[in-house]
Every structure is written in C-alpha cells, then in structure tokens.
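Structure file target11.txt (compact mmCIF, N, CA and C atoms) follows.
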# COMPACT_ATOMS: atom_id res chain seq x y z
N MET I 1 55.65 -15.22 -7.84
CA MET I 1 55.73 -15.15 -6.40
C MET I 1 55.85 -13.70 -5.92
N LYS I 2 56.60 -12.87 -6.72
CA LYS I 2 56.73 -11.46 -6.35
C LYS I 2 55.38 -10.76 -6.33
N HIS I 3 54.51 -11.12 -7.27
CA HIS I 3 53.19 -10.50 -7.35
C HIS I 3 52.35 -10.83 -6.12
N VAL I 4 52.42 -12.06 -5.67
CA VAL I 4 51.67 -12.48 -4.49
C VAL I 4 52.17 -11.73 -3.27
N PHE I 5 53.49 -11.65 -3.11
CA PHE I 5 54.07 -10.94 -1.97
C PHE I 5 53.67 -9.47 -1.99
N LEU I 6 53.75 -8.85 -3.17
CA LEU I 6 53.37 -7.45 -3.30
C LEU I 6 51.90 -7.25 -2.95
N LEU I 7 51.03 -8.14 -3.41
CA LEU I 7 49.61 -8.06 -3.09
C LEU I 7 49.37 -8.20 -1.60
N VAL I 8 50.04 -9.15 -0.97
CA VAL I 8 49.90 -9.34 0.47
C VAL I 8 50.42 -8.13 1.22
N ALA I 9 51.54 -7.57 0.79
CA ALA I 9 52.11 -6.39 1.44
C ALA I 9 51.16 -5.20 1.34
N VAL I 10 50.59 -4.98 0.18
CA VAL I 10 49.62 -3.89 0.02
C VAL I 10 48.41 -4.11 0.90
N PHE I 11 47.92 -5.34 0.95
CA PHE I 11 46.76 -5.67 1.78
C PHE I 11 47.06 -5.42 3.26
N VAL I 12 48.23 -5.84 3.71
CA VAL I 12 48.61 -5.67 5.12
C VAL I 12 48.76 -4.19 5.45
N ILE I 13 49.31 -3.43 4.54
CA ILE I 13 49.51 -2.01 4.80
C ILE I 13 48.18 -1.26 4.81
N THR I 14 47.26 -1.57 3.91
CA THR I 14 45.99 -0.83 3.81
C THR I 14 44.89 -1.41 4.67
N PHE I 15 44.99 -2.67 5.08
CA PHE I 15 43.91 -3.33 5.81
C PHE I 15 43.60 -2.69 7.16
N PRO I 16 44.60 -2.28 7.97
CA PRO I 16 44.26 -1.72 9.28
C PRO I 16 43.29 -0.54 9.21
N ALA I 17 43.47 0.35 8.25
CA ALA I 17 42.54 1.49 8.13
C ALA I 17 41.16 1.01 7.74
N ALA I 18 41.08 0.10 6.80
CA ALA I 18 39.79 -0.44 6.38
C ALA I 18 39.14 -1.22 7.50
N ALA I 19 39.95 -1.97 8.24
CA ALA I 19 39.41 -2.75 9.35
C ALA I 19 38.85 -1.83 10.43
N LYS I 20 39.54 -0.74 10.72
CA LYS I 20 39.07 0.22 11.73
C LYS I 20 37.74 0.83 11.29
N GLU I 21 37.65 1.25 10.01
CA GLU I 21 36.41 1.82 9.49
C GLU I 21 35.29 0.79 9.56
N ASN I 22 35.55 -0.42 9.12
CA ASN I 22 34.57 -1.51 9.17
C ASN I 22 34.18 -1.81 10.60
N SER I 23 35.17 -1.78 11.49
CA SER I 23 34.93 -2.10 12.90
C SER I 23 33.96 -1.11 13.54
N ASP I 24 34.10 0.17 13.20
CA ASP I 24 33.24 1.19 13.79
C ASP I 24 31.78 0.95 13.46
N TRP I 25 31.44 0.82 12.19
CA TRP I 25 30.03 0.66 11.83
C TRP I 25 29.53 -0.73 12.16
N SER I 26 30.39 -1.76 12.04
CA SER I 26 29.91 -3.10 12.37
C SER I 26 29.69 -3.25 13.87
N ALA I 27 30.49 -2.55 14.68
CA ALA I 27 30.27 -2.55 16.13
C ALA I 27 28.95 -1.86 16.46
N SER I 28 28.70 -0.75 15.80
CA SER I 28 27.43 -0.04 16.01
C SER I 28 26.25 -0.91 15.59
N TYR I 29 26.39 -1.57 14.44
CA TYR I 29 25.35 -2.49 13.97
C TYR I 29 25.09 -3.57 15.01
N ALA I 30 26.17 -4.18 15.51
CA ALA I 30 26.02 -5.28 16.47
C ALA I 30 25.36 -4.81 17.76
N GLU I 31 25.75 -3.65 18.25
CA GLU I 31 25.13 -3.10 19.46
C GLU I 31 23.64 -2.90 19.26
N GLN I 32 23.29 -2.34 18.12
CA GLN I 32 21.87 -2.09 17.83
C GLN I 32 21.11 -3.40 17.68
N ALA I 33 21.70 -4.37 17.02
CA ALA I 33 21.04 -5.67 16.83
C ALA I 33 20.78 -6.33 18.18
N VAL I 34 21.76 -6.26 19.07
CA VAL I 34 21.60 -6.84 20.41
C VAL I 34 20.49 -6.10 21.18
N GLU I 35 20.45 -4.78 21.06
CA GLU I 35 19.39 -4.01 21.74
C GLU I 35 18.01 -4.38 21.22
N TYR I 36 17.89 -4.57 19.91
CA TYR I 36 16.60 -4.98 19.36
C TYR I 36 16.19 -6.35 19.91
N GLN I 37 17.14 -7.25 20.06
CA GLN I 37 16.81 -8.56 20.63
C GLN I 37 16.36 -8.42 22.08
N LYS I 38 17.01 -7.56 22.83
CA LYS I 38 16.60 -7.33 24.23
C LYS I 38 15.17 -6.78 24.27
N MET I 39 14.82 -5.89 23.33
CA MET I 39 13.45 -5.37 23.26
C MET I 39 12.48 -6.48 22.88
N ASN I 40 12.88 -7.32 21.95
CA ASN I 40 12.07 -8.46 21.53
C ASN I 40 11.70 -9.31 22.73
N VAL I 41 12.67 -9.61 23.57
CA VAL I 41 12.44 -10.44 24.75
C VAL I 41 11.60 -9.69 25.78
N ALA I 42 11.96 -8.43 26.05
CA ALA I 42 11.25 -7.65 27.07
C ALA I 42 9.77 -7.44 26.71
N LEU I 43 9.50 -7.25 25.43
CA LEU I 43 8.13 -7.01 24.98
C LEU I 43 7.35 -8.29 24.68
N HIS I 44 8.03 -9.43 24.80
CA HIS I 44 7.40 -10.72 24.49
C HIS I 44 6.87 -10.75 23.07
N CYS I 45 7.68 -10.23 22.14
CA CYS I 45 7.26 -10.20 20.74
C CYS I 45 7.24 -11.59 20.12
N GLY I 46 8.15 -12.42 20.55
CA GLY I 46 8.19 -13.78 20.03
C GLY I 46 8.98 -13.96 18.76
N TYR I 47 9.76 -12.94 18.37
CA TYR I 47 10.56 -13.09 17.16
C TYR I 47 11.72 -14.05 17.44
N SER I 48 11.97 -14.89 16.46
CA SER I 48 13.11 -15.80 16.53
C SER I 48 13.76 -15.78 15.15
N ALA I 49 14.49 -16.73 14.80
CA ALA I 49 15.21 -16.81 13.52
C ALA I 49 16.61 -16.25 13.71
N ASP I 50 17.35 -16.29 12.66
CA ASP I 50 18.78 -15.97 12.73
C ASP I 50 19.09 -14.54 13.17
N ARG I 51 18.23 -13.58 12.89
CA ARG I 51 18.54 -12.20 13.23
C ARG I 51 18.25 -11.85 14.68
N TRP I 52 17.60 -12.73 15.40
CA TRP I 52 17.18 -12.41 16.77
C TRP I 52 18.02 -13.20 17.78
N HIS I 53 19.09 -12.60 18.24
CA HIS I 53 19.94 -13.18 19.28
C HIS I 53 20.80 -12.07 19.89
N THR I 54 21.49 -12.39 20.98
CA THR I 54 22.31 -11.38 21.67
C THR I 54 23.81 -11.65 21.51
N ASP I 55 24.20 -12.41 20.53
CA ASP I 55 25.61 -12.69 20.27
C ASP I 55 26.24 -11.51 19.54
N TYR I 56 26.81 -10.59 20.31
CA TYR I 56 27.40 -9.37 19.76
C TYR I 56 28.45 -9.68 18.70
N GLU I 57 29.38 -10.57 19.01
CA GLU I 57 30.44 -10.90 18.05
C GLU I 57 29.86 -11.52 16.79
N GLY I 58 28.84 -12.35 16.94
CA GLY I 58 28.20 -12.96 15.79
C GLY I 58 27.56 -11.91 14.88
N HIS I 59 26.89 -10.93 15.49
CA HIS I 59 26.29 -9.84 14.71
C HIS I 59 27.38 -9.03 14.01
N LYS I 60 28.46 -8.77 14.72
CA LYS I 60 29.55 -7.97 14.16
C LYS I 60 30.19 -8.67 12.96
N LEU I 61 30.45 -9.95 13.10
CA LEU I 61 31.02 -10.72 11.98
C LEU I 61 30.05 -10.76 10.80
N PHE I 62 28.77 -10.96 11.11
CA PHE I 62 27.75 -10.99 10.07
C PHE I 62 27.72 -9.67 9.30
N ALA I 63 27.78 -8.57 10.03
CA ALA I 63 27.76 -7.24 9.40
C ALA I 63 28.98 -7.06 8.51
N GLY I 64 30.13 -7.47 8.99
CA GLY I 64 31.34 -7.34 8.19
C GLY I 64 31.26 -8.12 6.90
N ALA I 65 30.66 -9.28 6.96
CA ALA I 65 30.52 -10.12 5.76
C ALA I 65 29.46 -9.56 4.82
N LEU I 66 28.45 -8.93 5.39
CA LEU I 66 27.32 -8.43 4.61
C LEU I 66 27.61 -7.11 3.91
N GLY I 67 28.30 -6.24 4.61
CA GLY I 67 28.54 -4.88 4.11
C GLY I 67 27.60 -3.91 4.79
N LYS I 68 28.01 -2.65 4.84
CA LYS I 68 27.28 -1.64 5.61
C LYS I 68 25.83 -1.45 5.15
N ASP I 69 25.60 -1.30 3.87
CA ASP I 69 24.24 -1.05 3.39
C ASP I 69 23.29 -2.20 3.72
N ALA I 70 23.73 -3.41 3.48
CA ALA I 70 22.89 -4.58 3.77
C ALA I 70 22.69 -4.73 5.27
N ALA I 71 23.73 -4.45 6.05
CA ALA I 71 23.61 -4.53 7.51
C ALA I 71 22.62 -3.48 8.02
N ASP I 72 22.71 -2.27 7.49
CA ASP I 72 21.76 -1.22 7.88
C ASP I 72 20.33 -1.64 7.54
N ALA I 73 20.14 -2.25 6.40
CA ALA I 73 18.81 -2.73 6.01
C ALA I 73 18.33 -3.82 6.97
N GLU I 74 19.24 -4.66 7.41
CA GLU I 74 18.90 -5.72 8.37
C GLU I 74 18.39 -5.13 9.68
N ASN I 75 19.06 -4.11 10.18
CA ASN I 75 18.59 -3.47 11.41
C ASN I 75 17.30 -2.70 11.18
N LYS I 76 17.07 -2.22 9.97
CA LYS I 76 15.80 -1.55 9.66
C LYS I 76 14.65 -2.56 9.78
N VAL I 77 14.90 -3.79 9.34
CA VAL I 77 13.89 -4.85 9.48
C VAL I 77 13.57 -5.06 10.96
N ARG I 78 14.60 -5.10 11.79
CA ARG I 78 14.38 -5.26 13.23
C ARG I 78 13.59 -4.08 13.80
N GLU I 79 13.94 -2.88 13.38
CA GLU I 79 13.24 -1.68 13.86
C GLU I 79 11.76 -1.76 13.53
N ILE I 80 11.44 -2.13 12.31
CA ILE I 80 10.04 -2.24 11.88
C ILE I 80 9.33 -3.33 12.68
N ALA I 81 10.00 -4.44 12.91
CA ALA I 81 9.40 -5.54 13.67
C ALA I 81 9.11 -5.12 15.10
N ILE I 82 10.03 -4.43 15.73
CA ILE I 82 9.81 -3.97 17.12
C ILE I 82 8.68 -2.95 17.15
N ARG I 83 8.61 -2.08 16.17
CA ARG I 83 7.50 -1.12 16.11
C ARG I 83 6.17 -1.85 15.98
N GLN I 84 6.12 -2.88 15.13
CA GLN I 84 4.90 -3.66 14.98
C GLN I 84 4.51 -4.31 16.30
N CYS I 85 5.48 -4.83 17.00
CA CYS I 85 5.21 -5.48 18.29
C CYS I 85 4.65 -4.46 19.30
N ARG I 86 5.29 -3.31 19.39
CA ARG I 86 4.80 -2.28 20.32
C ARG I 86 3.38 -1.85 19.95
N ASP I 87 3.14 -1.66 18.66
CA ASP I 87 1.80 -1.27 18.21
C ASP I 87 0.77 -2.36 18.51
N ALA I 88 1.19 -3.60 18.38
CA ALA I 88 0.27 -4.71 18.67
C ALA I 88 -0.09 -4.73 20.16
N TRP I 89 0.88 -4.46 21.03
CA TRP I 89 0.58 -4.40 22.47
C TRP I 89 -0.32 -3.21 22.79
N THR I 90 -0.09 -2.09 22.13
CA THR I 90 -0.96 -0.92 22.33
C THR I 90 -2.39 -1.25 21.91
N TYR I 91 -2.52 -1.88 20.75
CA TYR I 91 -3.84 -2.31 20.28
C TYR I 91 -4.49 -3.26 21.28
N ALA I 92 -3.72 -4.21 21.79
CA ALA I 92 -4.25 -5.21 22.73
C ALA I 92 -4.74 -4.54 24.01
N GLU I 93 -3.95 -3.62 24.53
CA GLU I 93 -4.36 -2.91 25.75
C GLU I 93 -5.62 -2.10 25.50
N GLN I 94 -5.69 -1.45 24.35
CA GLN I 94 -6.87 -0.65 24.01
C GLN I 94 -8.09 -1.55 23.84
N GLY I 95 -7.91 -2.70 23.21
CA GLY I 95 -9.02 -3.63 23.03
C GLY I 95 -9.60 -4.09 24.35
N VAL I 96 -8.73 -4.38 25.31
CA VAL I 96 -9.19 -4.81 26.64
C VAL I 96 -9.94 -3.67 27.33
N LEU I 97 -9.40 -2.46 27.25
CA LEU I 97 -10.07 -1.31 27.87
C LEU I 97 -11.43 -1.03 27.22
N GLN I 98 -11.49 -1.13 25.92
CA GLN I 98 -12.75 -0.89 25.22
C GLN I 98 -13.78 -1.97 25.57
N ASN I 99 -13.33 -3.19 25.69
CA ASN I 99 -14.27 -4.24 26.08
C ASN I 99 -14.75 -4.03 27.52
N GLN I 100 -13.86 -3.57 28.38
CA GLN I 100 -14.26 -3.30 29.77
C GLN I 100 -15.31 -2.19 29.80
N GLU I 101 -15.11 -1.19 28.97
CA GLU I 101 -16.11 -0.12 28.88
C GLU I 101 -17.44 -0.68 28.37
N ASN I 102 -17.39 -1.54 27.38
CA ASN I 102 -18.57 -2.22 26.85
C ASN I 102 -19.31 -2.93 27.97
N LEU I 103 -18.59 -3.66 28.79
CA LEU I 103 -19.22 -4.41 29.90
C LEU I 103 -19.73 -3.47 30.98
N ASN I 104 -18.93 -2.47 31.35
CA ASN I 104 -19.33 -1.54 32.41
C ASN I 104 -20.59 -0.74 32.04
N ARG I 105 -20.73 -0.41 30.77
CA ARG I 105 -21.87 0.37 30.32
C ARG I 105 -23.02 -0.50 29.84
N ASN I 106 -22.89 -1.82 29.96
CA ASN I 106 -23.92 -2.76 29.52
C ASN I 106 -24.32 -2.53 28.06
N CYS I 107 -23.34 -2.34 27.22
CA CYS I 107 -23.62 -2.10 25.80
C CYS I 107 -24.06 -3.38 25.08
N GLY I 108 -23.64 -4.53 25.57
CA GLY I 108 -24.03 -5.79 24.96
C GLY I 108 -23.32 -6.09 23.64
N LEU I 109 -22.19 -5.44 23.42
CA LEU I 109 -21.44 -5.66 22.17
C LEU I 109 -20.68 -6.98 22.25
N THR I 110 -20.84 -7.80 21.22
CA THR I 110 -20.20 -9.11 21.20
C THR I 110 -19.54 -9.34 19.83
N GLY I 111 -18.81 -10.38 19.75
CA GLY I 111 -18.15 -10.74 18.49
C GLY I 111 -16.65 -10.87 18.71
N ALA I 112 -15.97 -11.13 17.62
CA ALA I 112 -14.54 -11.44 17.68
C ALA I 112 -13.69 -10.31 18.26
N ILE I 113 -14.12 -9.07 18.10
CA ILE I 113 -13.31 -7.95 18.60
C ILE I 113 -13.65 -7.56 20.04
N TRP I 114 -14.66 -8.21 20.61
CA TRP I 114 -15.09 -7.85 21.96
C TRP I 114 -14.73 -8.96 22.94
N HIS I 115 -13.57 -8.82 23.56
CA HIS I 115 -13.14 -9.75 24.60
C HIS I 115 -12.04 -9.09 25.43
N SER I 116 -11.71 -9.71 26.53
CA SER I 116 -10.70 -9.15 27.43
C SER I 116 -9.42 -9.97 27.46
N ASP I 117 -9.17 -10.73 26.43
CA ASP I 117 -7.97 -11.54 26.35
C ASP I 117 -6.87 -10.74 25.64
N LYS I 118 -6.03 -10.10 26.42
CA LYS I 118 -4.99 -9.22 25.88
C LYS I 118 -4.05 -9.97 24.93
N LYS I 119 -3.67 -11.19 25.31
CA LYS I 119 -2.76 -11.97 24.45
C LYS I 119 -3.41 -12.33 23.12
N ASN I 120 -4.69 -12.56 23.14
CA ASN I 120 -5.41 -12.85 21.90
C ASN I 120 -5.45 -11.63 20.99
N HIS I 121 -5.74 -10.46 21.56
CA HIS I 121 -5.72 -9.22 20.79
C HIS I 121 -4.32 -9.01 20.20
N PHE I 122 -3.28 -9.22 21.04
CA PHE I 122 -1.90 -9.05 20.59
C PHE I 122 -1.57 -10.00 19.44
N ALA I 123 -1.90 -11.26 19.59
CA ALA I 123 -1.59 -12.26 18.55
C ALA I 123 -2.27 -11.88 17.23
N TRP I 124 -3.51 -11.42 17.32
CA TRP I 124 -4.21 -11.01 16.10
C TRP I 124 -3.48 -9.83 15.45
N ALA I 125 -3.16 -8.82 16.25
CA ALA I 125 -2.54 -7.61 15.72
C ALA I 125 -1.16 -7.86 15.13
N MET I 126 -0.45 -8.84 15.65
CA MET I 126 0.89 -9.14 15.13
C MET I 126 0.84 -9.66 13.70
N ASN I 127 -0.32 -10.09 13.26
CA ASN I 127 -0.46 -10.64 11.91
C ASN I 127 -1.28 -9.73 10.99
N GLN I 128 -1.42 -8.47 11.39
CA GLN I 128 -2.24 -7.54 10.62
C GLN I 128 -1.43 -6.34 10.15
N THR I 129 -1.98 -5.66 9.19
CA THR I 129 -1.38 -4.39 8.75
C THR I 129 -1.82 -3.29 9.72
N PRO I 130 -1.07 -2.20 9.78
CA PRO I 130 -1.51 -1.08 10.62
C PRO I 130 -2.91 -0.59 10.23
N TYR I 131 -3.24 -0.67 8.96
CA TYR I 131 -4.57 -0.25 8.50
C TYR I 131 -5.66 -1.11 9.14
N MET I 132 -5.49 -2.43 9.12
CA MET I 132 -6.51 -3.32 9.70
C MET I 132 -6.63 -3.10 11.21
N ILE I 133 -5.52 -2.87 11.86
CA ILE I 133 -5.55 -2.59 13.30
C ILE I 133 -6.35 -1.33 13.56
N ALA I 134 -6.11 -0.30 12.78
CA ALA I 134 -6.84 0.96 12.94
C ALA I 134 -8.33 0.78 12.66
N ILE I 135 -8.68 -0.01 11.67
CA ILE I 135 -10.09 -0.27 11.34
C ILE I 135 -10.80 -0.93 12.53
N HIS I 136 -10.18 -1.94 13.12
CA HIS I 136 -10.80 -2.62 14.26
C HIS I 136 -10.94 -1.69 15.46
N ASP I 137 -9.89 -0.92 15.72
CA ASP I 137 -9.95 0.02 16.84
C ASP I 137 -11.06 1.04 16.61
N GLN I 138 -11.13 1.58 15.42
CA GLN I 138 -12.15 2.58 15.11
C GLN I 138 -13.55 1.98 15.19
N LYS I 139 -13.71 0.75 14.76
CA LYS I 139 -15.01 0.09 14.84
C LYS I 139 -15.47 0.01 16.30
N ARG I 140 -14.58 -0.39 17.19
CA ARG I 140 -14.94 -0.45 18.61
C ARG I 140 -15.28 0.94 19.14
N ARG I 141 -14.48 1.93 18.78
CA ARG I 141 -14.74 3.31 19.25
C ARG I 141 -16.13 3.79 18.78
N THR I 142 -16.43 3.54 17.55
CA THR I 142 -17.71 3.99 16.99
C THR I 142 -18.88 3.30 17.70
N LEU I 143 -18.78 1.98 17.88
CA LEU I 143 -19.86 1.25 18.54
C LEU I 143 -20.01 1.68 19.99
N LEU I 144 -18.93 1.96 20.66
CA LEU I 144 -19.02 2.46 22.04
C LEU I 144 -19.65 3.84 22.09
N ALA I 145 -19.33 4.67 21.11
CA ALA I 145 -19.92 6.01 21.07
C ALA I 145 -21.42 5.96 20.86
N LEU I 146 -21.90 4.94 20.12
CA LEU I 146 -23.33 4.78 19.86
C LEU I 146 -24.06 4.12 21.02
N CYS I 147 -23.33 3.50 21.91
CA CYS I 147 -23.94 2.76 23.02
C CYS I 147 -24.63 3.73 24.00
N ASN I 148 -25.85 3.37 24.40
CA ASN I 148 -26.62 4.13 25.39
C ASN I 148 -26.81 5.60 25.03
N ARG I 149 -27.02 5.86 23.77
CA ARG I 149 -27.28 7.25 23.36
C ARG I 149 -28.73 7.57 23.52
This entry written out as structure tokens:
Amino acid sequence: MKHVFLLVAVFVITFPAAAKENSDWSASYAEQAVEYQKMNVALHCGYSADRWHTDYEGHKLFAGALGKDAADAENKVREIAIRQCRDAWTYAEQGVLQNQENLNRNCGLTGAIWHSDKKNHFAWAMNQTPYMIAIHDQKRRTLLALCNR
C-alpha cells in the first residue's frame, strides 16, 4: 500500500508540469485542427471522417492521447488535404477560363477537358496527383496556343 501511495504522490507532484506542457501543444494542435475544418467548409472541399470537425475539446483530448509527434502528423495530413483542395479549385477555375477562351476564339476544342463545369473540373482534380493536374492544364494551354495560328 505504501508503494501505491508513493506512486500516486509522485504522480500528483509531477503531473501539473507535464499537464501544462501537454496542454500548450495540445491546445495549439486543437486550434489548428479547428481552423483546418473551417477551411474545409469554406472551400467546399467535402472532407469528412473523424479528423474533420470543430470540436476543440475533442481535438485537444485526441492530441493528448496520441502524443505530440502523432498529433503533428495528423495536422500535416489536414494541411496537405487543404492544399489539394485549394489547388483543385485553382485548376477548376483555370479550366473554365481556358474553355471560355476556346469558345471565344472558335478553336473548336472538345473532349473531357473542354467544358465550363467548374464543379466537374474540381471533382476530377480532387482525385488526381499534382502531376496529372499539371499535365491537363498544360495540354489545354498548348492547344490554345496552337489555335488560330
């Protein structure tokens, strides 16, 4: 019984410092996780699943249970996902503009990459690598450059 009491006493004495340290980074993690969710909603990325919510306390508890390194990796996943979403919207906007140029200049370019449906361009780009997105964008640029030469 003395050993248990001694262990509890040591834990109580040392825990406040550890809790404060854990609290600082887990609070930062939770704030960042909530901000990523707000971006997800604002950008209409469509991400869902357990990591996408605005429950600050839930994120903070999750981080504490996970540990700092794993929590940091979790927010890195969110960062990459938001970047992909932003890039997909950029691609979609560019695709619509390029198709408008195609129509305005009567280039007659048709096919899967030539349309003015921004959401369709976005949905396609959300499932592609940055390389494939760049290939499609460059293909449209090249064909437009060749139009009416």
Original post:
Which polymer residues have any atom within 7 Å of an atom of region 85-92 of chain I, counting all atoms listed in the file, with same-chain residues fewer than 2 positions away left out, as a VMD selection string?
Top reply: chain I and resid 45 80 to 83 94 to 97 117 to 123 125 to 126
**OP:** Taking the DSSP assignment computed from this structure's backbone, write out as a ChimeraX atom specification all residues of region 15-146 of chain I that belong to alpha helix (DSSP H).
**Re:** /I:15-42,56-66,68-104,118-126,130-146
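We find CA of Met132 (chain I) and CA of Met39 (chain I) to be spaced 24.2 Å apart.
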Subject >> Nearby residues (all atoms listed in the file) at most 6 Å from region 30-36 of chain I, same-chain spacing under 5 positions excluded, as a ChimeraX atom specification >> reply: /I:25,53-54,56,59-60
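Proximity ranking of I:Leu109, I:Ala27, I:Ala145, I:Ala134 relative to Glu57 (chain I) places I:Ala27 first, based on only C-alpha atoms.
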Original post:
Excluding same-chain residues fewer than 6 positions from Cys107 (chain I), what lies within 7 Å of it counting all atoms listed in the file, as a VMD selection string?
Top reply: chain I and resid 101 147 to 148
